[in-house]
Every structure is written in structure tokens, then in C-alpha cells.
Amino acid sequence: MQNERLLPLSLQKLDRHLIVLDGFRGLAIILVILYHYLPFFSFGWVGVDLFFLLSGFLITGKLIESLKHKDYFRQFYKKRILRIIPLYYVVLILFFWVMPVALPSLITYSFTELNYYQWAYWLFAVNFIDAFYGWPKNITLVHFWSLSCEMQYYLLWPIVVKWLYTKTQVFIFTLLGLIAAALIFRISTFLLLDISGLYRYVLFFSRMDTFALGAFLYMCYSNLETYFLNSYIKYTGWAVLMLIVFFMFYYNLRWHFTESMVSTIGYTLNALLWFSVMFAALSKPGLLNKILSAGCFTFLGKYSYGLYVFHLPVWIVMSKYFSSSYYIALLAFAITVLISWVSFHLLEVKFLRLKVPK
């Protein structure tokens, strides 16, 4: 019975819409787009870490809150498939099947090479291809590696929560173990393997610490009044931020994922920093909460999936016809927002309605 004290005080925490989470999605997609559109914005890739942490938080919460529901697995997988698959597969159909017929002049050697691994995109396994062979020459869909990570997480996590959550201390130690395992994996392979470190960036297990910290964030959030670690989390955020700044200046780092320090301990530091920032915004309304709840962030957060999928293809097409500049970046961003808005209201929302049980 002692373990029960660690269970959430309210199992309906995520039944209501938390607008600040839309703000965090908006912040994440802004960082990712700036990273791809502006060469000097070398640290914008950390937006992917924020997406992973958000997934860990939301998916864990929704799974825990539905543990007593019948069709636990079927309902979860149905909702994830309806959210991810339709737009994702439409883009793959357009890129791999329609474009070669409609625009054969665009078919180059790099496309043919990418087409050879088409199966990996359909099966959400392209991160394995990237890990073994490096980034493809055709980078139109290069950002889809993170969607593969997300889908692999969706496949695994319902089983973990179902088996372990009722044994709360075991569940917490599992989360801590996954965080430690990912960190040890990255450090040990860096020391033992003399190869490119891209696999540390794209493999799901290597990034599991961020998802696990998202799950741990839900445990803290759902036990705001009782969880003993909560009062120390804000200090963790400041300590991690100062450590990152120290590393950047002392070792002259750009804080880019290709740098060895970043690809070993940096991912965990990113996750801890986002963990602290999200907890601060969720636990106590304040300036941060107000900023992220502003319309510009929540609007982009609402359409963040489409923005993520479309932003790089749009930028690549624009770059073929115009020389890169801030004006072209703004135009590409505006076009991406428009396409994402249309995609959401004409395609995605039709499938999202199917998620609600009749």
C-alpha cells in the first residue's frame, strides 16, 4: 500500500486541454524550422528533443489515464495511427509515386538512391538506414528519422506502462534505468567505436532518455503536492543551463549534434533543461506560461505536425529557384504555414474525428 502514495492524485490531468503544451509545440517547431532555414542557427535542432520530451509526457499520461479502460491497446494504437499515418503516407505517395510520373525531370541519382530505401520510410525504420549509411544525398525527407523514433516509441511504451505502472517504484526505477542506459550507450560507443556518431543522434534507444524524462515529468506533474523531487526541479534547470553555457564557451562548442560532447552527454542535458522548463510552466502559472500560451505559439503548435512534415521540402523547392536569403526563408515559412493549415483542415481533421469514440 505504501507504493500507492506515488500514484497520481488525479487520473484525469490530461483530459482537459493544456494550452501551454500547444505553446511548447510551437516553440519546438520554430526552433526546428530556424535550424533548417538559417545556417547560423546551429542549435535549433534541440527542438526535436523538446518534441521527444512532449511525446514522453503526453503519451505516458494518456496511457496511465486509460489503464482501466477496455481496449487499452486497440484504442491507443488506433489514435496514434489516425494522427500520424494519413498525412505521413500521403506525403510518401506524392514523393515516391506521383512525382516521378508528374515531374520526371526532378528524378536524379540522389532520388533513385533514396527510392532504394523507400521501404524504410513506409515502415518507420528510416532512422536505422541513416544510422548505418549516413544522411542520404537527397535530403527532402531527411527529417523523417524523428518520426520513426516517435513511432517506435508508440509501439513499445503502451506495453511498458501496462506491465509496470501499477508497480510504481519499479516503473520509476525503469525510467531512471532507461535514462542511464541511453547515456551509457552513447558514451561507451563513442569510446569504443571509431565511426561517425550519427547513430547516436537517430537511433531510438540512444534517445530514449528524453522520452523517459518526459514520462518522469508526468509523474512529477500528476503528483505536484506530494512528489518530493518537485521542489528541486527548478534548481536542476538552472544548473543544467549554466553547465551547457560553460561547455559552449570553454570548449568553443556550437552545441551541434555532430560535436562529440553533445552527442554523448549533451542530449541528456537538453532533455533535463526542457524537463525543468516544462515543469515550471505546468506547475505554476507565470510569465513563461503566459508567453507560451500566446496566440503565435499556440497557432504554430496546433499545426506543428504539418509544419514539421512540410517545412524542409518547401525550403528545398524554394532553394532550387531562388538564392538563399532571409526573404526567401520568410516566404518558405509562409508557404509552409499555408500548406499545413490546408492539410490540417482538409485531411488531418477528418481522421482526428475518428479518434473520438461514438
# chains A, B, ... in the order shown; residues from 1 in each chain; ligands from 1
>>> residues_around(residues="A:Ala281", least_positions_apart="5", cutoff="12 Å", atoms="only C-alpha atoms", output="PDB file with C-alpha atoms, in the first residue's frame")
ATOM      1  CA  LEU A  18      -3.463  22.299 -21.656  1.00  0.00           C
ATOM      2  CA  ILE A  19      -2.942  25.261 -23.941  1.00  0.00           C
ATOM      3  CA  VAL A  20       0.657  25.737 -22.806  1.00  0.00           C
ATOM      4  CA  LEU A  21       1.522  22.383 -24.427  1.00  0.00           C
ATOM      5  CA  GLY A  23       2.862  26.674 -26.981  1.00  0.00           C
ATOM      6  CA  PHE A  24       5.693  24.226 -26.394  1.00  0.00           C
ATOM      7  CA  LEU A 217       7.787  14.671 -15.926  1.00  0.00           C
ATOM      8  CA  TYR A 221       3.231  16.849 -12.704  1.00  0.00           C
ATOM      9  CA  ILE A 233      13.434  20.653 -10.286  1.00  0.00           C
ATOM     10  CA  LYS A 234      13.780  24.402 -10.872  1.00  0.00           C
ATOM     11  CA  TRP A 274      13.445  21.078 -21.325  1.00  0.00           C
ATOM     12  CA  PHE A 275      12.182  18.938 -18.439  1.00  0.00           C
ATOM     13  CA  SER A 276      12.743  21.793 -15.997  1.00  0.00           C
ATOM     14  CA  GLY A 286       3.710  32.794 -14.537  1.00  0.00           C
ATOM     15  CA  LEU A 287       5.448  34.799 -17.235  1.00  0.00           C
ATOM     16  CA  LEU A 288       6.729  31.691 -19.040  1.00  0.00           C
ATOM     17  CA  ASN A 289       3.244  30.213 -19.113  1.00  0.00           C
ATOM     18  CA  LYS A 290       1.772  33.468 -20.454  1.00  0.00           C
ATOM     19  CA  ILE A 291       4.404  33.746 -23.198  1.00  0.00           C
ATOM     20  CA  LEU A 292       3.933  30.179 -24.412  1.00  0.00           C
ATOM     21  CA  SER A 293       0.157  30.488 -24.224  1.00  0.00           C
TER      22      SER A 293
END
>>> select_by_dssp(residues="stretch 35-274 of chain A", states="helix (DSSP H, G or I)", output="JSON, numbers by chain")
{"A": [35, 36, 37, 46, 47, 48, 49, 50, 51, 52, 53, 54, 55, 56, 57, 58, 59, 60, 61, 62, 63, 64, 65, 72, 73, 74, 75, 76, 77, 78, 79, 80, 81, 82, 83, 84, 85, 86, 87, 88, 89, 90, 91, 92, 93, 94, 95, 96, 97, 98, 99, 100, 101, 102, 104, 105, 106, 109, 110, 111, 112, 113, 114, 115, 116, 118, 119, 120, 121, 122, 126, 127, 128, 129, 130, 131, 132, 133, 142, 143, 144, 145, 146, 147, 148, 149, 150, 151, 152, 153, 154, 155, 156, 157, 158, 159, 160, 161, 162, 163, 164, 168, 169, 170, 171, 172, 173, 174, 175, 176, 177, 178, 179, 180, 181, 182, 183, 184, 185, 186, 187, 188, 189, 190, 191, 192, 198, 199, 200, 201, 202, 205, 206, 207, 208, 209, 210, 211, 212, 213, 214, 215, 216, 217, 218, 219, 220, 221, 230, 231, 232, 233, 234, 235, 236, 237, 238, 239, 240, 241, 242, 243, 244, 245, 246, 247, 248, 249, 250, 260, 261, 262, 263, 264, 265, 266, 267, 268, 269, 270, 271, 272, 273, 274]}
>>> closest_atom_pairs(of="stretch 191-236 of chain A", to="stretch 106-130 of chain A", cutoff="9 Å", atoms="only C-alpha atoms", output="CSV")
residue,atom,partner,partner_atom,distance
A:Leu198,CA,A:Asp130,CA,7.6
A:Tyr199,CA,A:Asp130,CA,7.3
A:Val202,CA,A:Asn127,CA,5.5
A:Leu203,CA,A:Asn127,CA,6.0
A:Phe204,CA,A:Asn127,CA,8.0
>>> write_last_selection(atoms="all heavy atoms", output="JSON list (two decimals), in the first residue's frame")
[["chain", "number", "residue", "atom", "x", "y", "z"],
["A", 198, "LEU", "N", 26.53, 9.59, -36.02],
["A", 198, "LEU", "CA", 25.16, 9.88, -36.40],
["A", 198, "LEU", "C", 24.17, 8.90, -35.76],
["A", 198, "LEU", "O", 23.05, 9.28, -35.42],
["A", 198, "LEU", "CB", 25.01, 9.84, -37.93],
["A", 198, "LEU", "CG", 23.63, 10.19, -38.49],
["A", 198, "LEU", "CD1", 23.20, 11.58, -38.07],
["A", 198, "LEU", "CD2", 23.61, 10.04, -40.01],
["A", 199, "TYR", "N", 24.60, 7.65, -35.58],
["A", 199, "TYR", "CA", 23.71, 6.65, -34.98],
["A", 199, "TYR", "C", 23.28, 7.08, -33.58],
["A", 199, "TYR", "O", 22.16, 6.76, -33.14],
["A", 199, "TYR", "CB", 24.39, 5.28, -34.93],
["A", 199, "TYR", "CG", 25.56, 5.20, -33.97],
["A", 199, "TYR", "CD1", 25.38, 4.79, -32.65],
["A", 199, "TYR", "CD2", 26.84, 5.57, -34.37],
["A", 199, "TYR", "CE1", 26.45, 4.75, -31.76],
["A", 199, "TYR", "CE2", 27.90, 5.53, -33.49],
["A", 199, "TYR", "CZ", 27.70, 5.12, -32.20],
["A", 199, "TYR", "OH", 28.75, 5.09, -31.31],
["A", 202, "VAL", "N", 20.19, 9.41, -34.15],
["A", 202, "VAL", "CA", 18.95, 8.98, -34.80],
["A", 202, "VAL", "C", 18.34, 7.70, -34.25],
["A", 202, "VAL", "O", 17.15, 7.44, -34.49],
["A", 202, "VAL", "CB", 19.17, 8.81, -36.33],
["A", 202, "VAL", "CG1", 19.59, 10.12, -36.96],
["A", 202, "VAL", "CG2", 20.18, 7.70, -36.63],
["A", 203, "LEU", "N", 19.10, 6.88, -33.53],
["A", 203, "LEU", "CA", 18.54, 5.62, -33.04],
["A", 203, "LEU", "C", 17.64, 5.86, -31.83],
["A", 203, "LEU", "O", 17.97, 6.62, -30.92],
["A", 203, "LEU", "CB", 19.65, 4.65, -32.67],
["A", 203, "LEU", "CG", 20.42, 4.03, -33.83],
["A", 203, "LEU", "CD1", 21.49, 3.07, -33.31],
["A", 203, "LEU", "CD2", 19.49, 3.31, -34.80],
["A", 204, "PHE", "N", 16.52, 5.19, -31.81],
["A", 204, "PHE", "CA", 15.54, 5.37, -30.75],
["A", 204, "PHE", "C", 16.12, 5.08, -29.37],
["A", 204, "PHE", "O", 15.94, 5.87, -28.43],
["A", 204, "PHE", "CB", 14.33, 4.46, -31.01],
["A", 204, "PHE", "CG", 13.42, 4.32, -29.83],
["A", 204, "PHE", "CD1", 12.69, 5.40, -29.37],
["A", 204, "PHE", "CD2", 13.29, 3.11, -29.17],
["A", 204, "PHE", "CE1", 11.84, 5.28, -28.27],
["A", 204, "PHE", "CE2", 12.46, 2.97, -28.09],
["A", 204, "PHE", "CZ", 11.73, 4.07, -27.63]]
>>> closest_residue(among="A:Leu82, A:Val142, A:Val170, A:Leu53", to="A:Asn270", atoms="only C-alpha atoms")
A:Leu53
>>> atom_distance(atom1="atom CA of A:Met278", atom2="atom CA of A:Ser304")
17.5 Å
>>> atom_distance(atom1="atom CA of A:His17", atom2="atom CA of A:Ala215")
18.1 Å
>>> atom_distance(atom1="atom CA of A:Phe205", atom2="atom CA of A:Leu50")
16.6 Å
>>> closest_residue(among="A:Arg80, A:Ala212, A:Tyr88, A:Glu150", to="A:Phe171", atoms="only C-alpha atoms")
A:Ala212
>>> closest_residue(among="A:Val245, A:Leu273, A:Met219, A:Val48", to="A:Phe257", atoms="only C-alpha atoms")
A:Val48
>>> closest_residue(among="A:Trp45, A:Phe173, A:Tyr235, A:Tyr153", to="A:Phe211", atoms="only C-alpha atoms")
A:Tyr153
>>> decode(residues="stretch 115-268 of chain A", atoms="C-alpha atoms", output="PDB file, in the first residue's frame")
ATOM      1  CA  ASN A 115      13.998   5.310 -53.585  1.00  0.00           C
ATOM      2  CA  TYR A 116      16.034   2.149 -52.997  1.00  0.00           C
ATOM      3  CA  TYR A 117      15.322   2.528 -49.267  1.00  0.00           C
ATOM      4  CA  GLN A 118      11.701   3.533 -49.766  1.00  0.00           C
ATOM      5  CA  TRP A 119      10.548   0.563 -47.690  1.00  0.00           C
ATOM      6  CA  ALA A 120      12.219   2.052 -44.611  1.00  0.00           C
ATOM      7  CA  TYR A 121      10.044   5.162 -44.826  1.00  0.00           C
ATOM      8  CA  TRP A 122       6.835   3.135 -45.093  1.00  0.00           C
ATOM      9  CA  LEU A 123       7.833   1.018 -42.089  1.00  0.00           C
ATOM     10  CA  PHE A 124       9.056   3.939 -39.936  1.00  0.00           C
ATOM     11  CA  ALA A 125      12.543   2.456 -39.906  1.00  0.00           C
ATOM     12  CA  VAL A 126      14.497   5.097 -41.811  1.00  0.00           C
ATOM     13  CA  ASN A 127      16.445   6.054 -38.683  1.00  0.00           C
ATOM     14  CA  PHE A 128      18.164   2.634 -38.904  1.00  0.00           C
ATOM     15  CA  ILE A 129      19.176   3.340 -42.508  1.00  0.00           C
ATOM     16  CA  ASP A 130      20.545   6.742 -41.518  1.00  0.00           C
ATOM     17  CA  ALA A 131      22.428   5.197 -38.587  1.00  0.00           C
ATOM     18  CA  PHE A 132      24.177   2.626 -40.794  1.00  0.00           C
ATOM     19  CA  TYR A 133      24.692   4.582 -44.033  1.00  0.00           C
ATOM     20  CA  GLY A 134      24.612   8.245 -43.011  1.00  0.00           C
ATOM     21  CA  TRP A 135      22.364  11.017 -44.253  1.00  0.00           C
ATOM     22  CA  PRO A 136      21.045  10.484 -47.806  1.00  0.00           C
ATOM     23  CA  LYS A 137      22.195  12.793 -50.597  1.00  0.00           C
ATOM     24  CA  ASN A 138      18.566  13.658 -51.252  1.00  0.00           C
ATOM     25  CA  ILE A 139      17.528  15.386 -48.011  1.00  0.00           C
ATOM     26  CA  THR A 140      13.903  16.165 -48.915  1.00  0.00           C
ATOM     27  CA  LEU A 141      12.618  13.725 -46.271  1.00  0.00           C
ATOM     28  CA  VAL A 142      15.715  13.576 -44.081  1.00  0.00           C
ATOM     29  CA  HIS A 143      13.821  14.891 -41.043  1.00  0.00           C
ATOM     30  CA  PHE A 144      11.520  11.854 -41.085  1.00  0.00           C
ATOM     31  CA  TRP A 145      14.055   9.976 -38.934  1.00  0.00           C
ATOM     32  CA  SER A 146      12.477  11.557 -35.848  1.00  0.00           C
ATOM     33  CA  LEU A 147       9.012  10.337 -36.861  1.00  0.00           C
ATOM     34  CA  SER A 148      10.486   6.836 -36.987  1.00  0.00           C
ATOM     35  CA  CYS A 149      11.736   7.310 -33.417  1.00  0.00           C
ATOM     36  CA  GLU A 150       8.312   8.520 -32.352  1.00  0.00           C
ATOM     37  CA  MET A 151       6.526   5.560 -33.926  1.00  0.00           C
ATOM     38  CA  GLN A 152       8.964   3.081 -32.361  1.00  0.00           C
ATOM     39  CA  TYR A 153       8.239   4.704 -29.004  1.00  0.00           C
ATOM     40  CA  TYR A 154       4.482   4.406 -29.586  1.00  0.00           C
ATOM     41  CA  LEU A 155       4.911   0.725 -30.374  1.00  0.00           C
ATOM     42  CA  LEU A 156       6.852  -0.039 -27.188  1.00  0.00           C
ATOM     43  CA  TRP A 157       5.540   2.279 -24.497  1.00  0.00           C
ATOM     44  CA  PRO A 158       1.955   1.001 -24.026  1.00  0.00           C
ATOM     45  CA  ILE A 159       3.409  -2.384 -23.101  1.00  0.00           C
ATOM     46  CA  VAL A 160       5.839  -0.872 -20.576  1.00  0.00           C
ATOM     47  CA  VAL A 161       3.113   1.211 -18.913  1.00  0.00           C
ATOM     48  CA  LYS A 162       0.647  -1.702 -18.815  1.00  0.00           C
ATOM     49  CA  TRP A 163       3.134  -4.063 -17.184  1.00  0.00           C
ATOM     50  CA  LEU A 164       4.946  -1.749 -14.816  1.00  0.00           C
ATOM     51  CA  TYR A 165       2.879   1.257 -13.845  1.00  0.00           C
ATOM     52  CA  THR A 166       0.908  -0.471 -11.076  1.00  0.00           C
ATOM     53  CA  LYS A 167       4.272  -1.339  -9.515  1.00  0.00           C
ATOM     54  CA  THR A 168       5.068   2.323  -9.154  1.00  0.00           C
ATOM     55  CA  GLN A 169       8.555   2.110  -7.703  1.00  0.00           C
ATOM     56  CA  VAL A 170       9.527  -0.407 -10.406  1.00  0.00           C
ATOM     57  CA  PHE A 171       8.147   1.957 -13.042  1.00  0.00           C
ATOM     58  CA  ILE A 172      10.148   4.898 -11.683  1.00  0.00           C
ATOM     59  CA  PHE A 173      13.335   2.852 -11.483  1.00  0.00           C
ATOM     60  CA  THR A 174      12.676   1.656 -15.052  1.00  0.00           C
ATOM     61  CA  LEU A 175      12.520   5.275 -16.205  1.00  0.00           C
ATOM     62  CA  LEU A 176      15.753   6.108 -14.395  1.00  0.00           C
ATOM     63  CA  GLY A 177      17.335   2.949 -15.805  1.00  0.00           C
ATOM     64  CA  LEU A 178      16.383   3.891 -19.369  1.00  0.00           C
ATOM     65  CA  ILE A 179      17.836   7.370 -18.890  1.00  0.00           C
ATOM     66  CA  ALA A 180      21.087   5.893 -17.572  1.00  0.00           C
ATOM     67  CA  ALA A 181      21.168   3.176 -20.265  1.00  0.00           C
ATOM     68  CA  ALA A 182      20.854   5.672 -23.130  1.00  0.00           C
ATOM     69  CA  LEU A 183      23.583   7.845 -21.615  1.00  0.00           C
ATOM     70  CA  ILE A 184      25.902   4.876 -21.038  1.00  0.00           C
ATOM     71  CA  PHE A 185      25.225   3.575 -24.559  1.00  0.00           C
ATOM     72  CA  ARG A 186      26.242   6.873 -26.158  1.00  0.00           C
ATOM     73  CA  ILE A 187      29.362   7.336 -24.027  1.00  0.00           C
ATOM     74  CA  SER A 188      30.569   3.734 -24.328  1.00  0.00           C
ATOM     75  CA  THR A 189      30.052   3.504 -28.099  1.00  0.00           C
ATOM     76  CA  PHE A 190      31.812   6.840 -28.547  1.00  0.00           C
ATOM     77  CA  LEU A 191      34.815   5.481 -26.633  1.00  0.00           C
ATOM     78  CA  LEU A 192      34.822   2.037 -28.253  1.00  0.00           C
ATOM     79  CA  LEU A 193      33.719   2.641 -31.856  1.00  0.00           C
ATOM     80  CA  ASP A 194      35.742   4.761 -34.248  1.00  0.00           C
ATOM     81  CA  ILE A 195      32.848   5.606 -36.577  1.00  0.00           C
ATOM     82  CA  SER A 196      30.535   8.521 -37.310  1.00  0.00           C
ATOM     83  CA  GLY A 197      28.327   9.412 -34.374  1.00  0.00           C
ATOM     84  CA  LEU A 198      25.156   9.879 -36.402  1.00  0.00           C
ATOM     85  CA  TYR A 199      23.709   6.651 -34.983  1.00  0.00           C
ATOM     86  CA  ARG A 200      23.756   8.274 -31.532  1.00  0.00           C
ATOM     87  CA  TYR A 201      21.531  11.024 -32.901  1.00  0.00           C
ATOM     88  CA  VAL A 202      18.950   8.980 -34.803  1.00  0.00           C
ATOM     89  CA  LEU A 203      18.545   5.623 -33.036  1.00  0.00           C
ATOM     90  CA  PHE A 204      15.538   5.369 -30.752  1.00  0.00           C
ATOM     91  CA  PHE A 205      17.363   3.635 -27.917  1.00  0.00           C
ATOM     92  CA  SER A 206      20.069   6.282 -27.968  1.00  0.00           C
ATOM     93  CA  ARG A 207      17.379   8.970 -27.496  1.00  0.00           C
ATOM     94  CA  MET A 208      15.291   7.011 -25.005  1.00  0.00           C
ATOM     95  CA  ASP A 209      16.479   9.195 -22.124  1.00  0.00           C
ATOM     96  CA  THR A 210      14.469  12.126 -23.480  1.00  0.00           C
ATOM     97  CA  PHE A 211      11.274  10.083 -23.822  1.00  0.00           C
ATOM     98  CA  ALA A 212      11.820   8.593 -20.350  1.00  0.00           C
ATOM     99  CA  LEU A 213      12.340  12.042 -18.836  1.00  0.00           C
ATOM    100  CA  GLY A 214       9.057  13.086 -20.440  1.00  0.00           C
ATOM    101  CA  ALA A 215       7.377  10.148 -18.704  1.00  0.00           C
ATOM    102  CA  PHE A 216       9.051  11.116 -15.438  1.00  0.00           C
ATOM    103  CA  LEU A 217       7.787  14.671 -15.926  1.00  0.00           C
ATOM    104  CA  TYR A 218       4.241  13.321 -15.984  1.00  0.00           C
ATOM    105  CA  MET A 219       4.881  11.535 -12.685  1.00  0.00           C
ATOM    106  CA  CYS A 220       6.032  14.807 -11.144  1.00  0.00           C
ATOM    107  CA  TYR A 221       3.231  16.849 -12.704  1.00  0.00           C
ATOM    108  CA  SER A 222       0.479  14.466 -11.587  1.00  0.00           C
ATOM    109  CA  ASN A 223       1.823  14.497  -8.024  1.00  0.00           C
ATOM    110  CA  LEU A 224       2.501  18.207  -7.626  1.00  0.00           C
ATOM    111  CA  GLU A 225       1.542  18.271  -3.961  1.00  0.00           C
ATOM    112  CA  THR A 226       3.389  15.168  -2.802  1.00  0.00           C
ATOM    113  CA  TYR A 227       6.315  14.266  -5.026  1.00  0.00           C
ATOM    114  CA  PHE A 228       9.457  15.029  -3.050  1.00  0.00           C
ATOM    115  CA  LEU A 229      11.593  15.931  -6.086  1.00  0.00           C
ATOM    116  CA  ASN A 230       9.320  18.707  -7.299  1.00  0.00           C
ATOM    117  CA  SER A 231      10.823  21.457  -5.152  1.00  0.00           C
ATOM    118  CA  TYR A 232      14.295  20.757  -6.579  1.00  0.00           C
ATOM    119  CA  ILE A 233      13.434  20.653 -10.286  1.00  0.00           C
ATOM    120  CA  LYS A 234      13.780  24.402 -10.872  1.00  0.00           C
ATOM    121  CA  TYR A 235      17.315  24.306  -9.482  1.00  0.00           C
ATOM    122  CA  THR A 236      18.121  21.437 -11.870  1.00  0.00           C
ATOM    123  CA  GLY A 237      17.148  23.595 -14.830  1.00  0.00           C
ATOM    124  CA  TRP A 238      19.385  26.488 -13.836  1.00  0.00           C
ATOM    125  CA  ALA A 239      22.288  24.142 -13.071  1.00  0.00           C
ATOM    126  CA  VAL A 240      21.968  22.405 -16.459  1.00  0.00           C
ATOM    127  CA  LEU A 241      21.716  25.727 -18.309  1.00  0.00           C
ATOM    128  CA  MET A 242      24.878  27.026 -16.646  1.00  0.00           C
ATOM    129  CA  LEU A 243      26.659  23.754 -17.435  1.00  0.00           C
ATOM    130  CA  ILE A 244      25.686  23.964 -21.120  1.00  0.00           C
ATOM    131  CA  VAL A 245      26.837  27.600 -21.331  1.00  0.00           C
ATOM    132  CA  PHE A 246      30.123  26.657 -19.629  1.00  0.00           C
ATOM    133  CA  PHE A 247      30.753  23.811 -22.093  1.00  0.00           C
ATOM    134  CA  MET A 248      29.939  26.052 -25.068  1.00  0.00           C
ATOM    135  CA  PHE A 249      32.389  28.768 -24.044  1.00  0.00           C
ATOM    136  CA  TYR A 250      35.124  26.611 -22.516  1.00  0.00           C
ATOM    137  CA  TYR A 251      35.242  24.080 -25.359  1.00  0.00           C
ATOM    138  CA  ASN A 252      34.144  26.538 -28.081  1.00  0.00           C
ATOM    139  CA  LEU A 253      31.088  24.460 -28.992  1.00  0.00           C
ATOM    140  CA  ARG A 254      28.250  25.429 -31.314  1.00  0.00           C
ATOM    141  CA  TRP A 255      26.103  22.949 -29.367  1.00  0.00           C
ATOM    142  CA  HIS A 256      25.523  20.941 -32.514  1.00  0.00           C
ATOM    143  CA  PHE A 257      24.684  17.231 -32.514  1.00  0.00           C
ATOM    144  CA  THR A 258      27.810  16.427 -34.560  1.00  0.00           C
ATOM    145  CA  GLU A 259      30.068  17.512 -31.676  1.00  0.00           C
ATOM    146  CA  SER A 260      31.203  14.576 -29.563  1.00  0.00           C
ATOM    147  CA  MET A 261      30.380  16.142 -26.202  1.00  0.00           C
ATOM    148  CA  VAL A 262      26.873  16.986 -27.376  1.00  0.00           C
ATOM    149  CA  SER A 263      26.251  13.542 -28.870  1.00  0.00           C
ATOM    150  CA  THR A 264      27.289  11.799 -25.656  1.00  0.00           C
ATOM    151  CA  ILE A 265      26.077  13.800 -22.652  1.00  0.00           C
ATOM    152  CA  GLY A 266      24.502  16.750 -24.464  1.00  0.00           C
ATOM    153  CA  TYR A 267      21.238  15.006 -25.370  1.00  0.00           C
ATOM    154  CA  THR A 268      20.589  14.227 -21.715  1.00  0.00           C
TER     155      THR A 268
END
